[in-house]
file run_25.txt (compact mmCIF, C-alpha atoms)
# COMPACT_ATOMS: atom_id res chain seq x y z
CA MET A 1249 -20.50 123.74 -35.81
CA GLU A 1250 -22.36 122.91 -38.98
CA PHE A 1251 -24.55 125.24 -40.97
CA THR A 1252 -26.23 122.86 -43.40
CA LEU A 1253 -29.63 123.31 -41.76
CA LEU A 1254 -29.26 127.07 -42.11
CA TRP A 1255 -28.43 126.70 -45.81
CA ALA A 1256 -31.51 124.53 -46.29
CA ALA A 1257 -33.67 127.16 -44.54
CA LEU A 1258 -32.15 129.95 -46.63
CA THR A 1259 -32.82 127.98 -49.82
CA GLY A 1260 -36.46 127.65 -48.76
CA VAL A 1261 -36.86 131.34 -47.95
CA GLY A 1262 -34.96 132.30 -51.11
CA LEU A 1263 -37.19 130.23 -53.40
CA ALA A 1264 -40.32 131.58 -51.68
CA LEU A 1265 -39.15 135.16 -52.25
CA LEU A 1266 -38.27 134.38 -55.88
CA MET A 1267 -41.73 132.97 -56.48
CA ALA A 1268 -43.30 136.03 -54.83
CA LYS A 1269 -41.25 138.30 -57.08
CA TRP A 1270 -42.35 136.30 -60.10
CA GLU A 1271 -45.99 136.73 -59.05
CA MET A 1272 -45.42 140.47 -58.77
CA ARG A 1273 -43.79 140.62 -62.17
CA LEU A 1274 -46.86 138.88 -63.59
CA GLY A 1275 -49.00 141.53 -61.91
CA LEU A 1276 -50.73 139.02 -59.64
CA ILE A 1277 -49.88 140.77 -56.36
CA PRO A 1278 -51.11 144.31 -55.85
CA GLU A 1279 -49.19 144.91 -52.59
CA LYS A 1280 -45.72 146.41 -52.40
CA THR A 1281 -42.79 143.99 -52.70
CA GLY A 1282 -41.53 144.80 -49.22
CA SER A 1283 -44.74 143.90 -47.41
CA LEU A 1284 -44.98 140.42 -48.95
CA SER A 1285 -41.30 139.72 -48.29
CA ASP A 1286 -41.76 140.82 -44.67
CA LEU A 1287 -44.81 138.59 -44.38
CA LEU A 1288 -42.93 135.56 -45.76
CA LEU A 1289 -39.92 136.10 -43.53
CA GLY A 1290 -42.08 136.80 -40.47
CA ALA A 1291 -44.14 133.66 -41.09
CA ALA A 1292 -40.97 131.56 -41.56
CA VAL A 1293 -39.37 132.83 -38.33
CA THR A 1294 -42.60 132.52 -36.29
CA SER A 1295 -43.10 129.01 -37.61
CA LEU A 1296 -39.57 128.01 -36.60
CA ILE A 1297 -39.90 129.44 -33.07
CA CYS A 1298 -43.35 127.92 -32.46
CA GLY A 1299 -42.29 124.53 -33.85
CA ARG A 1300 -39.10 124.41 -31.78
CA LEU A 1301 -40.82 125.51 -28.54
CA ALA A 1302 -43.59 122.96 -29.06
CA ALA A 1303 -41.06 120.18 -29.76
CA MET A 1304 -39.22 121.03 -26.54
CA ILE A 1305 -42.37 121.16 -24.41
CA ILE A 1306 -43.63 117.86 -25.87
CA ALA A 1307 -40.24 116.25 -25.11
CA GLY A 1308 -40.50 117.51 -21.50
CA THR A 1309 -37.80 120.20 -21.68
CA ASN A 1310 -38.85 123.55 -20.21
CA PRO A 1311 -37.70 126.36 -22.56
CA ILE A 1312 -37.59 128.86 -19.67
CA THR A 1313 -35.19 126.78 -17.59
CA HIS A 1314 -33.20 125.62 -20.67
CA PRO A 1315 -33.27 128.60 -23.08
CA GLY A 1316 -30.11 127.43 -24.85
CA ASP A 1317 -31.98 124.37 -26.13
CA ILE A 1318 -34.23 126.61 -28.24
CA LEU A 1319 -31.31 127.24 -30.59
CA ILE A 1320 -30.68 123.51 -31.16
CA VAL A 1321 -33.16 123.47 -34.03
CA ARG A 1322 -31.79 120.23 -35.40
CA SER A 1323 -33.06 118.41 -32.33
CA GLY A 1324 -36.58 118.81 -33.60
CA VAL A 1325 -39.24 121.22 -34.78
CA ASP A 1326 -42.87 120.17 -34.40
CA THR A 1327 -44.41 120.35 -37.88
CA GLY A 1328 -47.96 120.95 -36.71
CA PHE A 1329 -47.22 123.79 -34.30
CA ALA A 1330 -44.78 125.29 -36.81
CA SER A 1331 -47.57 125.42 -39.41
CA LEU A 1332 -50.00 126.87 -36.85
CA GLY A 1333 -47.42 129.53 -35.97
CA ALA A 1334 -47.03 130.55 -39.61
CA LEU A 1335 -50.81 130.66 -40.13
CA ALA A 1336 -51.32 132.66 -36.92
CA PHE A 1337 -48.69 135.17 -38.02
CA VAL A 1338 -50.35 135.65 -41.42
CA TRP A 1339 -53.77 135.93 -39.77
CA LEU A 1340 -52.60 138.49 -37.19
CA THR A 1341 -50.78 140.68 -39.69
CA SER A 1342 -53.30 140.69 -42.54
CA ARG A 1343 -56.74 140.12 -41.04
CA ARG A 1344 -58.44 142.76 -43.17
CA GLN A 1345 -57.30 141.20 -46.44
CA LEU A 1346 -56.67 137.65 -45.26
CA ALA A 1347 -58.17 135.80 -48.26
CA GLY A 1348 -56.21 137.87 -50.81
CA THR A 1349 -53.01 137.54 -48.79
CA ILE A 1350 -53.13 133.76 -48.41
CA ASP A 1351 -53.87 133.45 -52.14
CA ALA A 1352 -50.79 135.53 -52.91
CA LEU A 1353 -48.70 133.52 -50.46
CA GLY A 1354 -49.88 130.10 -51.70
CA PRO A 1355 -47.47 129.57 -54.63
CA ALA A 1356 -44.59 131.23 -52.73
CA ALA A 1357 -45.15 128.99 -49.69
CA MET A 1358 -45.12 125.88 -51.91
CA ALA A 1359 -41.88 127.05 -53.58
CA GLY A 1360 -40.39 127.69 -50.13
CA LEU A 1361 -41.25 124.18 -49.00
CA ALA A 1362 -39.68 122.82 -52.22
CA GLY A 1363 -36.47 124.69 -51.39
CA TRP A 1364 -36.47 123.48 -47.79
CA HIS A 1365 -36.82 119.83 -48.87
CA ALA A 1366 -34.22 120.24 -51.65
CA GLY A 1367 -31.92 121.54 -48.89
CA CYS A 1368 -31.42 117.88 -47.95
CA LEU A 1369 -28.67 117.93 -50.59
CA TYR A 1370 -26.54 120.18 -48.34
CA ARG A 1371 -27.30 118.07 -45.30
CA GLY A 1372 -26.80 114.64 -46.90
CA ALA A 1373 -30.27 113.79 -45.62
CA CYS A 1374 -32.29 113.03 -48.76
CA LEU A 1375 -32.63 109.29 -48.33
CA GLY A 1376 -35.55 107.38 -46.91
CA THR A 1377 -36.66 103.79 -46.64
CA ALA A 1378 -35.05 100.97 -48.64
CA SER A 1379 -36.32 100.61 -52.19
CA SER A 1380 -35.80 98.52 -55.31
CA TRP A 1381 -36.99 101.27 -57.67
CA PRO A 1382 -34.49 101.91 -60.50
CA TRP A 1383 -33.56 105.42 -59.31
CA ALA A 1384 -33.08 104.42 -55.68
CA VAL A 1385 -29.78 105.63 -54.23
CA ALA A 1386 -27.51 103.98 -51.64
CA GLN A 1387 -25.69 106.05 -49.05
CA GLU A 1388 -21.92 106.17 -49.16
CA GLY A 1389 -20.35 102.80 -48.38
CA SER A 1390 -23.68 100.98 -48.46
CA ASN A 1391 -25.33 98.56 -50.87
CA VAL A 1392 -28.86 99.28 -49.62
CA PRO A 1393 -30.66 101.44 -52.24
CA ARG A 1394 -33.13 103.93 -50.78
CA HIS A 1395 -35.86 106.32 -51.89
CA PRO A 1396 -34.51 109.87 -52.33
CA VAL A 1397 -37.69 110.87 -50.48
CA GLU A 1398 -36.83 114.52 -49.84
CA ILE A 1399 -36.20 115.02 -53.56
CA TYR A 1400 -39.64 113.54 -54.29
CA ALA A 1401 -41.12 116.03 -51.80
CA ALA A 1402 -39.17 118.95 -53.32
CA LEU A 1403 -40.37 118.09 -56.84
CA LEU A 1404 -43.97 117.66 -55.71
CA PHE A 1405 -43.92 121.02 -53.88
CA LEU A 1406 -42.37 122.70 -56.92
CA ALA A 1407 -45.09 121.22 -59.14
CA ALA A 1408 -47.72 122.43 -56.63
CA ALA A 1409 -46.23 125.96 -56.73
CA LEU A 1410 -46.37 126.05 -60.53
CA VAL A 1411 -49.93 124.69 -60.65
CA LEU A 1412 -51.09 127.32 -58.14
CA LEU A 1413 -49.31 130.06 -60.08
CA TRP A 1414 -50.98 128.92 -63.30
CA TRP A 1415 -54.33 128.89 -61.50
CA ARG A 1416 -53.78 132.43 -60.21
CA ARG A 1417 -52.92 133.61 -63.73
CA ARG A 1418 -56.18 132.12 -65.02
CA GLY A 1419 -58.01 134.21 -62.43
CA VAL A 1420 -60.01 132.77 -59.56
CA ARG A 1421 -63.21 134.38 -58.39
CA ALA A 1422 -63.33 132.63 -55.02
CA MET A 1423 -60.94 134.66 -52.82
CA GLY A 1424 -58.98 132.40 -50.45
CA ALA A 1425 -59.45 129.26 -52.57
CA ILE A 1426 -55.82 129.23 -53.73
CA GLY A 1427 -54.47 129.67 -50.21
CA ALA A 1428 -56.74 126.87 -48.95
CA THR A 1429 -55.63 124.63 -51.85
CA ALA A 1430 -52.01 125.32 -50.92
CA LEU A 1431 -52.77 124.00 -47.41
CA VAL A 1432 -54.39 120.86 -48.88
CA LEU A 1433 -51.38 120.31 -51.17
CA ALA A 1434 -48.87 120.85 -48.33
CA GLY A 1435 -50.64 118.25 -46.20
CA ALA A 1436 -51.04 115.86 -49.16
CA VAL A 1437 -47.37 115.99 -50.26
CA ARG A 1438 -46.14 115.29 -46.73
CA PHE A 1439 -48.78 112.59 -46.23
CA VAL A 1440 -47.88 110.79 -49.47
CA THR A 1441 -44.13 110.88 -48.82
CA GLU A 1442 -44.26 110.12 -45.08
CA PRO A 1443 -44.25 106.29 -45.42
CA MET A 1444 -40.90 106.63 -47.23
CA ARG A 1445 -39.28 108.48 -44.31
CA PRO A 1446 -37.57 106.38 -41.64
CA SER A 1447 -38.99 107.33 -38.27
CA LEU A 1448 -38.99 106.17 -34.67
CA GLY A 1449 -42.76 106.61 -34.60
CA SER A 1450 -45.46 107.04 -37.20
CA GLY A 1451 -44.57 110.67 -38.07
CA PRO A 1452 -46.99 113.60 -37.67
CA VAL A 1453 -49.57 112.03 -40.01
CA GLY A 1454 -52.46 113.45 -37.94
CA TRP A 1455 -51.25 116.99 -38.63
CA TYR A 1456 -51.08 116.30 -42.38
CA LEU A 1457 -54.63 114.98 -42.41
CA ALA A 1458 -55.76 117.99 -40.36
CA ALA A 1459 -54.13 120.34 -42.92
CA ILE A 1460 -55.96 118.57 -45.76
CA ALA A 1461 -59.29 118.75 -43.89
CA ILE A 1462 -58.90 122.44 -42.93
CA GLY A 1463 -57.82 123.29 -46.48
CA LEU A 1464 -60.83 121.51 -47.98
CA ILE A 1465 -63.16 123.36 -45.59
CA GLY A 1466 -61.42 126.60 -46.65
CA ILE A 1467 -61.98 125.83 -50.35
CA PHE A 1468 -65.70 125.13 -49.81
CA ALA A 1469 -66.07 128.27 -47.67
CA ALA A 1470 -64.33 130.42 -50.30
CA ARG A 1471 -66.51 129.05 -53.09
CA ALA A 1472 -69.69 129.46 -51.04
CA ARG A 1473 -68.77 133.08 -50.20
CA SER A 1474 -67.99 133.79 -53.83
CA ARG A 1475 -71.33 132.33 -54.95
CA SER A 1476 -73.31 134.30 -52.38
CA ALA A 1477 -71.49 137.51 -53.37
CA LEU A 1478 -72.51 136.97 -57.00
CA GLN A 1479 -76.20 136.55 -56.11
CA MET B 1308 -54.01 148.45 -30.83
CA PRO B 1309 -56.15 145.50 -31.99
CA THR B 1310 -53.24 143.14 -32.79
CA ARG B 1311 -51.55 143.54 -29.40
CA ARG B 1312 -54.22 141.70 -27.44
CA PRO B 1313 -53.87 138.34 -29.29
CA ILE B 1314 -50.07 138.58 -29.12
CA ALA B 1315 -50.26 139.22 -25.35
CA ALA B 1316 -52.69 136.29 -24.95
CA LEU B 1317 -50.32 134.07 -26.92
CA ALA B 1318 -47.39 135.12 -24.72
CA VAL B 1319 -49.35 134.35 -21.54
CA LEU B 1320 -50.37 130.96 -22.94
CA LEU B 1321 -46.76 130.18 -23.82
CA VAL B 1322 -45.52 131.05 -20.32
CA PHE B 1323 -48.32 128.92 -18.85
CA LEU B 1324 -47.49 125.94 -21.07
CA THR B 1325 -43.77 126.12 -20.38
CA SER B 1326 -44.46 126.31 -16.64
CA CYS B 1327 -46.55 123.18 -16.83
CA THR B 1328 -44.00 120.75 -18.25
CA ALA B 1329 -43.98 117.49 -16.37
CA GLN B 1330 -41.68 117.20 -13.39
CA GLN B 1331 -39.15 114.49 -14.14
CA SER B 1332 -38.33 111.85 -11.58
CA GLN B 1333 -34.99 112.76 -9.99
CA THR B 1334 -34.23 109.39 -8.36
CA VAL B 1335 -30.50 109.00 -8.90
CA GLY B 1336 -29.33 105.48 -9.73
CA PRO B 1337 -26.07 103.59 -9.10
CA PRO B 1338 -22.66 104.94 -10.23
CA LEU B 1339 -21.78 104.40 -13.87
CA PRO B 1340 -19.13 101.72 -14.52
CA ASP B 1341 -15.77 103.16 -15.59
CA THR B 1342 -14.53 102.35 -19.08
CA ASN B 1343 -11.70 103.21 -21.45
CA ALA B 1344 -10.88 103.04 -25.16
CA ALA B 1345 -9.37 99.53 -25.08
CA GLU B 1346 -12.42 98.09 -23.33
CA VAL B 1347 -14.89 99.65 -25.75
CA VAL B 1348 -12.90 98.57 -28.83
CA ALA B 1349 -12.77 95.00 -27.45
CA LEU B 1350 -16.51 95.10 -26.75
CA LEU B 1351 -17.21 96.20 -30.34
CA GLU B 1352 -14.99 93.53 -31.86
CA ALA B 1353 -16.66 90.82 -29.80
CA SER B 1354 -20.20 92.03 -30.48
CA SER B 1355 -22.46 89.78 -32.54
CA GLN B 1356 -25.08 92.56 -32.71
CA PRO B 1357 -24.93 96.01 -34.31
CA VAL B 1358 -23.95 98.65 -31.74
CA VAL B 1359 -24.93 102.33 -31.46
CA ILE B 1360 -22.62 104.39 -29.25
CA ASN B 1361 -23.79 107.83 -28.16
CA VAL B 1362 -21.17 110.06 -26.52
CA TRP B 1363 -22.74 112.57 -24.13
CA ALA B 1364 -22.20 114.78 -21.08
CA SER B 1365 -24.64 116.27 -18.60
CA TRP B 1366 -23.40 119.83 -19.31
CA CYS B 1367 -23.92 119.45 -23.08
CA ILE B 1368 -27.04 121.31 -24.26
CA PRO B 1369 -27.66 119.32 -27.49
CA CYS B 1370 -27.31 116.07 -25.51
CA ARG B 1371 -30.47 117.01 -23.60
CA SER B 1372 -32.39 117.05 -26.88
CA GLU B 1373 -31.09 113.78 -28.25
CA ALA B 1374 -31.25 111.73 -25.03
CA PRO B 1375 -35.02 111.10 -25.35
CA LEU B 1376 -34.51 110.03 -29.00
CA ILE B 1377 -31.80 107.50 -28.12
CA GLU B 1378 -34.01 106.17 -25.30
CA ARG B 1379 -36.95 105.81 -27.70
CA ALA B 1380 -34.72 104.01 -30.23
CA ASN B 1381 -33.50 101.67 -27.49
CA GLU B 1382 -37.08 100.85 -26.45
CA GLN B 1383 -37.97 100.12 -30.08
CA PHE B 1384 -34.84 98.34 -31.35
CA GLY B 1385 -33.05 97.30 -28.15
CA ASP B 1386 -33.58 93.59 -28.89
CA ASP B 1387 -31.66 93.78 -32.18
CA ILE B 1388 -29.20 96.60 -31.56
CA ARG B 1389 -27.07 97.28 -28.49
CA PHE B 1390 -27.26 100.94 -27.41
CA ILE B 1391 -24.40 102.23 -25.27
CA GLY B 1392 -24.00 105.71 -23.83
CA ILE B 1393 -20.48 106.94 -23.09
CA ASN B 1394 -20.46 109.78 -20.59
CA VAL B 1395 -17.34 111.92 -21.05
CA ALA B 1396 -15.65 114.87 -19.32
CA ASP B 1397 -18.26 114.79 -16.59
CA THR B 1398 -18.83 113.96 -12.94
CA GLN B 1399 -20.55 110.82 -11.65
CA SER B 1400 -23.26 112.89 -9.93
CA GLY B 1401 -23.94 114.99 -13.05
CA ALA B 1402 -24.16 111.86 -15.20
CA ARG B 1403 -26.46 110.05 -12.77
CA GLN B 1404 -28.79 113.02 -12.49
CA PHE B 1405 -28.96 113.27 -16.29
CA ILE B 1406 -29.80 109.56 -16.60
CA ALA B 1407 -32.50 109.91 -13.93
CA GLU B 1408 -33.93 113.06 -15.51
CA PHE B 1409 -34.39 111.42 -18.91
CA GLY B 1410 -35.15 107.93 -17.57
CA LEU B 1411 -32.42 106.36 -19.71
CA SER B 1412 -32.68 102.59 -19.56
CA PHE B 1413 -29.82 101.67 -21.91
CA GLU B 1414 -26.29 100.85 -20.76
CA ASN B 1415 -24.15 103.91 -19.86
CA LEU B 1416 -20.42 103.92 -19.16
CA PHE B 1417 -18.20 106.58 -17.56
CA ASP B 1418 -15.15 107.90 -19.44
CA ALA B 1419 -14.09 111.09 -17.65
CA PRO B 1420 -10.73 111.43 -19.51
CA ARG B 1421 -12.61 111.23 -22.85
CA THR B 1422 -10.45 108.45 -24.32
CA VAL B 1423 -13.24 106.52 -26.09
CA PRO B 1424 -14.46 108.96 -28.78
CA ALA B 1425 -10.91 109.67 -29.98
CA ALA B 1426 -10.15 105.94 -30.21
CA LEU B 1427 -13.31 105.42 -32.28
CA GLY B 1428 -12.34 108.23 -34.63
CA GLY B 1429 -14.53 111.06 -33.37
CA SER B 1430 -14.30 114.20 -31.31
CA GLY B 1431 -16.59 116.66 -29.57
CA VAL B 1432 -19.82 116.09 -27.69
CA PRO B 1433 -22.33 114.81 -28.69
CA VAL B 1434 -21.18 112.21 -31.20
CA THR B 1435 -22.99 109.07 -32.30
CA PHE B 1436 -21.32 106.02 -33.87
CA PHE B 1437 -23.09 103.18 -35.66
CA PHE B 1438 -21.17 99.88 -35.78
CA ALA B 1439 -21.90 96.63 -37.61
CA PRO B 1440 -21.30 93.36 -35.70
CA GLY B 1441 -17.57 92.88 -35.29
CA GLY B 1442 -16.96 96.59 -34.86
CA SER B 1443 -16.79 97.99 -38.40
CA LEU B 1444 -17.94 101.60 -38.48
CA VAL B 1445 -21.06 102.15 -40.63
CA HIS B 1446 -21.79 105.79 -39.85
CA TYR B 1447 -20.39 108.58 -37.70
CA GLN B 1448 -22.63 111.47 -36.75
CA PRO B 1449 -20.78 114.44 -35.28
CA GLY B 1450 -22.99 116.88 -33.37
CA VAL B 1451 -26.60 116.46 -32.40
CA ILE B 1452 -28.52 113.72 -34.16
CA ASP B 1453 -32.10 114.20 -35.36
CA GLU B 1454 -34.83 111.59 -35.41
CA ARG B 1455 -34.70 110.99 -39.19
CA THR B 1456 -30.93 110.42 -39.24
CA LEU B 1457 -31.11 108.13 -36.21
CA ALA B 1458 -33.97 106.12 -37.72
CA LEU B 1459 -32.20 105.93 -41.12
CA GLN B 1460 -28.90 104.72 -39.67
CA ILE B 1461 -30.66 102.17 -37.45
CA ASP B 1462 -32.48 100.89 -40.53
CA GLU B 1463 -29.14 100.73 -42.37
CA LEU B 1464 -27.60 98.68 -39.54
CA LEU B 1465 -30.54 96.28 -39.47
CA LYS B 1466 -30.63 95.86 -43.26
CA ARG B 1467 -26.89 95.14 -43.40
CA HIS B 1468 -27.22 92.71 -40.51
CA GLU B 1469 -30.08 90.88 -42.32
CA ASP B 1470 -27.99 90.65 -45.52
CA SER B 1471 -24.86 89.33 -43.79
call {"tool": "encode", "arguments": {"input": "run_25.txt", "output": "structure tokens"}}
result
Amino acid sequence: MEFTLLWAALTGVGLALLMAKWEMRLGLIPEKTGSLSDLLLGAAVTSLICGRLAAMIIAGTNPITHPGDILIVRSGVDTGFASLGALAFVWLTSRRQLAGTIDALGPAAMAGLAGWHAGCLYRGACLGTASSWPWAVAQEGSNVPRHPVEIYAALLFLAAALVLLWWRRRGVRAMGAIGATALVLAGAVRFVTEPMRPSLGSGPVGWYLAAIAIGLIGIFAARARSRSALQ
Amino acid sequence: MPTRRPIAALAVLLVFLTSCTAQQSQTVGPPLPDTNAAEVVALLEASSQPVVINVWASWCIPCRSEAPLIERANEQFGDDIRFIGINVADTQSGARQFIAEFGLSFENLFDAPRTVPAALGGSGVPVTFFFAPGGSLVHYQPGVIDERTLALQIDELLKRHEDS
């Protein structure tokens, strides 16, 4: 039994909680610490369950007749349905203050994704396609240098978290714009790094593009609402 | 309770979706050829192609998840890499039903006494071995294999084969 995937998940959740605490220390989150932590953990668990169930159904395995398969997370989690699960959880639990909540969660979610991708170090799963770039790394016993693609993703997500935090500190009038930008950045980071990931197909590129499109619509909607509120 | 209704709707949808998964064809094929450690080692040594060996059993839960991946890899890279399934600690009928359920088209061999994985340096089920031509071990994946690892190790085999 190996627990490397669990360690990667815990690193992701841990970094997300740390970022949320940092936001609170900076006075950017009015809610109580507990409620945001619960929201982050609930979203992470819902996302995992939805993504795993979707991956099983798509592969033709019925979760009701094979419930044990649900626990074999390593066999696949559908990125798109996992993201939808997390968004649905946040929407269901904070409908009355959705825009403010997703803004508060934006930097924490980016930090969490950075932690999850950096978790490749535990799993020995950081490497991607072959590369001749100077920092490319070969796996043990090999002379084929490869992109450390998951480290690229972790660094990009960390940068996104810090940019969003800086933006929140500057103060944004358009409520929901930061949350929507986080969605755009999440889709963009995965989209940019996807060609460097070995895959048996083309990867869930459609989901990444959908995230970017929905995020952009969210940004325009938030700005339009903010403008109409000012008039 | 306003939040209960969407949760209930979601639960109903989930039950509906899981009830609607496609019925797999259950046509059971011919018996699997018997094999043993010596035969598989000889096969690897004589191979001019890279070889991926996946050790599985019909009772193994993670094997159900990785079988479609190995099949997809075989469809995609079967011309350049030889994919072999070794069914261990199982019955012929269980193995044949599993192959029919997942529509596995790659070569599968029957090793009820489980001699092959130990001879190749592995244990447990599932296990996946990646061999260069001539039988030198490139990678050993204990436990269930995910798509990224499978794709990466296949790429590694092909790159090494191109360079040699």
call {"tool": "closest_residue", "arguments": {"input": "run_25.txt", "among": "B:Asp1453, B:Glu1414, B:Glu1378, B:Glu1469", "to": "chain A", "atoms": "all atoms listed in the file"}}
result
B:Asp1453
call {"tool": "atom_distance", "arguments": {"input": "run_25.txt", "atom1": "atom CA of A:Gly1419", "atom2": "atom CA of A:Leu1464"}}
result
19.4 Å
call {"tool": "closest_residue", "arguments": {"input": "run_25.txt", "among": "A:Arg1421, A:Gly1260, A:His1314, A:Thr1252", "to": "B:Trp1366", "atoms": "only C-alpha atoms"}}
result
A:His1314
call {"tool": "interface_residues", "arguments": {"input": "run_25.txt", "of": "chain A", "to": "chain B", "cutoff": "9 Å", "atoms": "all atoms listed in the file", "output": "PyMOL selection string"}}
result
chain A and resi 1249-1250+1301+1304-1312+1314+1316-1317+1320+1322-1324+1340-1341+1373+1375-1378+1389-1392+1445-1448
call {"tool": "atom_distance", "arguments": {"input": "run_25.txt", "atom1": "atom CA of B:Pro1337", "atom2": "atom CA of B:Phe1417"}}
result
11.9 Å
call {"tool": "residues_around", "arguments": {"input": "run_25.txt", "residues": "B:Val1362", "least_positions_apart": "4", "cutoff": "9 Å", "atoms": "only C-alpha atoms", "output": "list in words"}}
result
Cys1370, Ile1391, Gly1392, Ile1393, Asn1394, Val1395, Val1423, Pro1424, Gly1431, Val1432, Pro1433, Val1434, Thr1435 and Phe1436 of chain B
call {"tool": "write_last_selection", "arguments": {"input": "run_25.txt", "atoms": "C-alpha atoms", "output": "short mmCIF file (atom, residue, chain, number, x, y, z; two decimals), keeping the file's coordinate frame"}}
result
data_model
loop_
_atom_site.label_atom_id
_atom_site.label_comp_id
_atom_site.auth_asym_id
_atom_site.auth_seq_id
_atom_site.Cartn_x
_atom_site.Cartn_y
_atom_site.Cartn_z
CA CYS B 1370 -27.31 116.07 -25.51
CA ILE B 1391 -24.40 102.23 -25.27
CA GLY B 1392 -24.00 105.71 -23.83
CA ILE B 1393 -20.48 106.94 -23.09
CA ASN B 1394 -20.46 109.78 -20.59
CA VAL B 1395 -17.34 111.92 -21.05
CA VAL B 1423 -13.24 106.52 -26.09
CA PRO B 1424 -14.46 108.96 -28.78
CA GLY B 1431 -16.59 116.66 -29.57
CA VAL B 1432 -19.82 116.09 -27.69
CA PRO B 1433 -22.33 114.81 -28.69
CA VAL B 1434 -21.18 112.21 -31.20
CA THR B 1435 -22.99 109.07 -32.30
CA PHE B 1436 -21.32 106.02 -33.87
#
call {"tool": "atom_distance", "arguments": {"input": "run_25.txt", "atom1": "atom CA of A:Leu1332", "atom2": "atom CA of A:Trp1415"}}
result
25.1 Å
call {"tool": "residues_near_point", "arguments": {"input": "run_25.txt", "point": "(-51.3, 124.1, -51.1)", "cutoff": "10 Å", "atoms": "only C-alpha atoms", "output": "list in words"}}
result
Asp1351, Leu1353, Gly1354, Pro1355, Ala1356, Ala1357, Met1358, Phe1405, Ala1408, Ala1409, Val1411, Leu1412, Ala1425, Ile1426, Gly1427, Ala1428, Thr1429, Ala1430, Leu1431, Val1432, Leu1433, Ala1434, Gly1435, Ala1436, Val1437, Ala1459, Ile1460 and Gly1463 of chain A
call {"tool": "write_last_selection", "arguments": {"input": "run_25.txt", "atoms": "C-alpha atoms", "output": "PDB file, in the coordinates of the input"}}
result
ATOM      1  CA  ASP A1351     -53.870 133.450 -52.140  1.00  0.00           C
ATOM      2  CA  LEU A1353     -48.700 133.520 -50.460  1.00  0.00           C
ATOM      3  CA  GLY A1354     -49.880 130.100 -51.700  1.00  0.00           C
ATOM      4  CA  PRO A1355     -47.470 129.570 -54.630  1.00  0.00           C
ATOM      5  CA  ALA A1356     -44.590 131.230 -52.730  1.00  0.00           C
ATOM      6  CA  ALA A1357     -45.150 128.990 -49.690  1.00  0.00           C
ATOM      7  CA  MET A1358     -45.120 125.880 -51.910  1.00  0.00           C
ATOM      8  CA  PHE A1405     -43.920 121.020 -53.880  1.00  0.00           C
ATOM      9  CA  ALA A1408     -47.720 122.430 -56.630  1.00  0.00           C
ATOM     10  CA  ALA A1409     -46.230 125.960 -56.730  1.00  0.00           C
ATOM     11  CA  VAL A1411     -49.930 124.690 -60.650  1.00  0.00           C
ATOM     12  CA  LEU A1412     -51.090 127.320 -58.140  1.00  0.00           C
ATOM     13  CA  ALA A1425     -59.450 129.260 -52.570  1.00  0.00           C
ATOM     14  CA  ILE A1426     -55.820 129.230 -53.730  1.00  0.00           C
ATOM     15  CA  GLY A1427     -54.470 129.670 -50.210  1.00  0.00           C
ATOM     16  CA  ALA A1428     -56.740 126.870 -48.950  1.00  0.00           C
ATOM     17  CA  THR A1429     -55.630 124.630 -51.850  1.00  0.00           C
ATOM     18  CA  ALA A1430     -52.010 125.320 -50.920  1.00  0.00           C
ATOM     19  CA  LEU A1431     -52.770 124.000 -47.410  1.00  0.00           C
ATOM     20  CA  VAL A1432     -54.390 120.860 -48.880  1.00  0.00           C
ATOM     21  CA  LEU A1433     -51.380 120.310 -51.170  1.00  0.00           C
ATOM     22  CA  ALA A1434     -48.870 120.850 -48.330  1.00  0.00           C
ATOM     23  CA  GLY A1435     -50.640 118.250 -46.200  1.00  0.00           C
ATOM     24  CA  ALA A1436     -51.040 115.860 -49.160  1.00  0.00           C
ATOM     25  CA  VAL A1437     -47.370 115.990 -50.260  1.00  0.00           C
ATOM     26  CA  ALA A1459     -54.130 120.340 -42.920  1.00  0.00           C
ATOM     27  CA  ILE A1460     -55.960 118.570 -45.760  1.00  0.00           C
ATOM     28  CA  GLY A1463     -57.820 123.290 -46.480  1.00  0.00           C
TER      29      GLY A1463
END
call {"tool": "residues_around", "arguments": {"input": "run_25.txt", "residues": "A:Ala1362", "least_positions_apart": "2", "cutoff": "6 Å", "atoms": "all atoms listed in the file", "output": "PyMOL selection string"}}
result
chain A and resi 1359-1360+1364-1365+1402+1405-1406
call {"tool": "residues_around", "arguments": {"input": "run_25.txt", "residues": "A:Ala1422", "least_positions_apart": "2", "cutoff": "9 Å", "atoms": "only C-alpha atoms", "output": "number ranges by chain"}}
result
A: 1420, 1424-1426, 1467, 1469-1475
call {"tool": "write_last_selection", "arguments": {"input": "run_25.txt", "atoms": "C-alpha atoms", "output": "mmCIF file, keeping the file's coordinate frame"}}
result
data_model
loop_
_atom_site.group_PDB
_atom_site.id
_atom_site.type_symbol
_atom_site.label_atom_id
_atom_site.label_comp_id
_atom_site.auth_asym_id
_atom_site.auth_seq_id
_atom_site.Cartn_x
_atom_site.Cartn_y
_atom_site.Cartn_z
ATOM 1 C CA VAL A 1420 -60.010 132.770 -59.560
ATOM 2 C CA GLY A 1424 -58.980 132.400 -50.450
ATOM 3 C CA ALA A 1425 -59.450 129.260 -52.570
ATOM 4 C CA ILE A 1426 -55.820 129.230 -53.730
ATOM 5 C CA ILE A 1467 -61.980 125.830 -50.350
ATOM 6 C CA ALA A 1469 -66.070 128.270 -47.670
ATOM 7 C CA ALA A 1470 -64.330 130.420 -50.300
ATOM 8 C CA ARG A 1471 -66.510 129.050 -53.090
ATOM 9 C CA ALA A 1472 -69.690 129.460 -51.040
ATOM 10 C CA ARG A 1473 -68.770 133.080 -50.200
ATOM 11 C CA SER A 1474 -67.990 133.790 -53.830
ATOM 12 C CA ARG A 1475 -71.330 132.330 -54.950
#
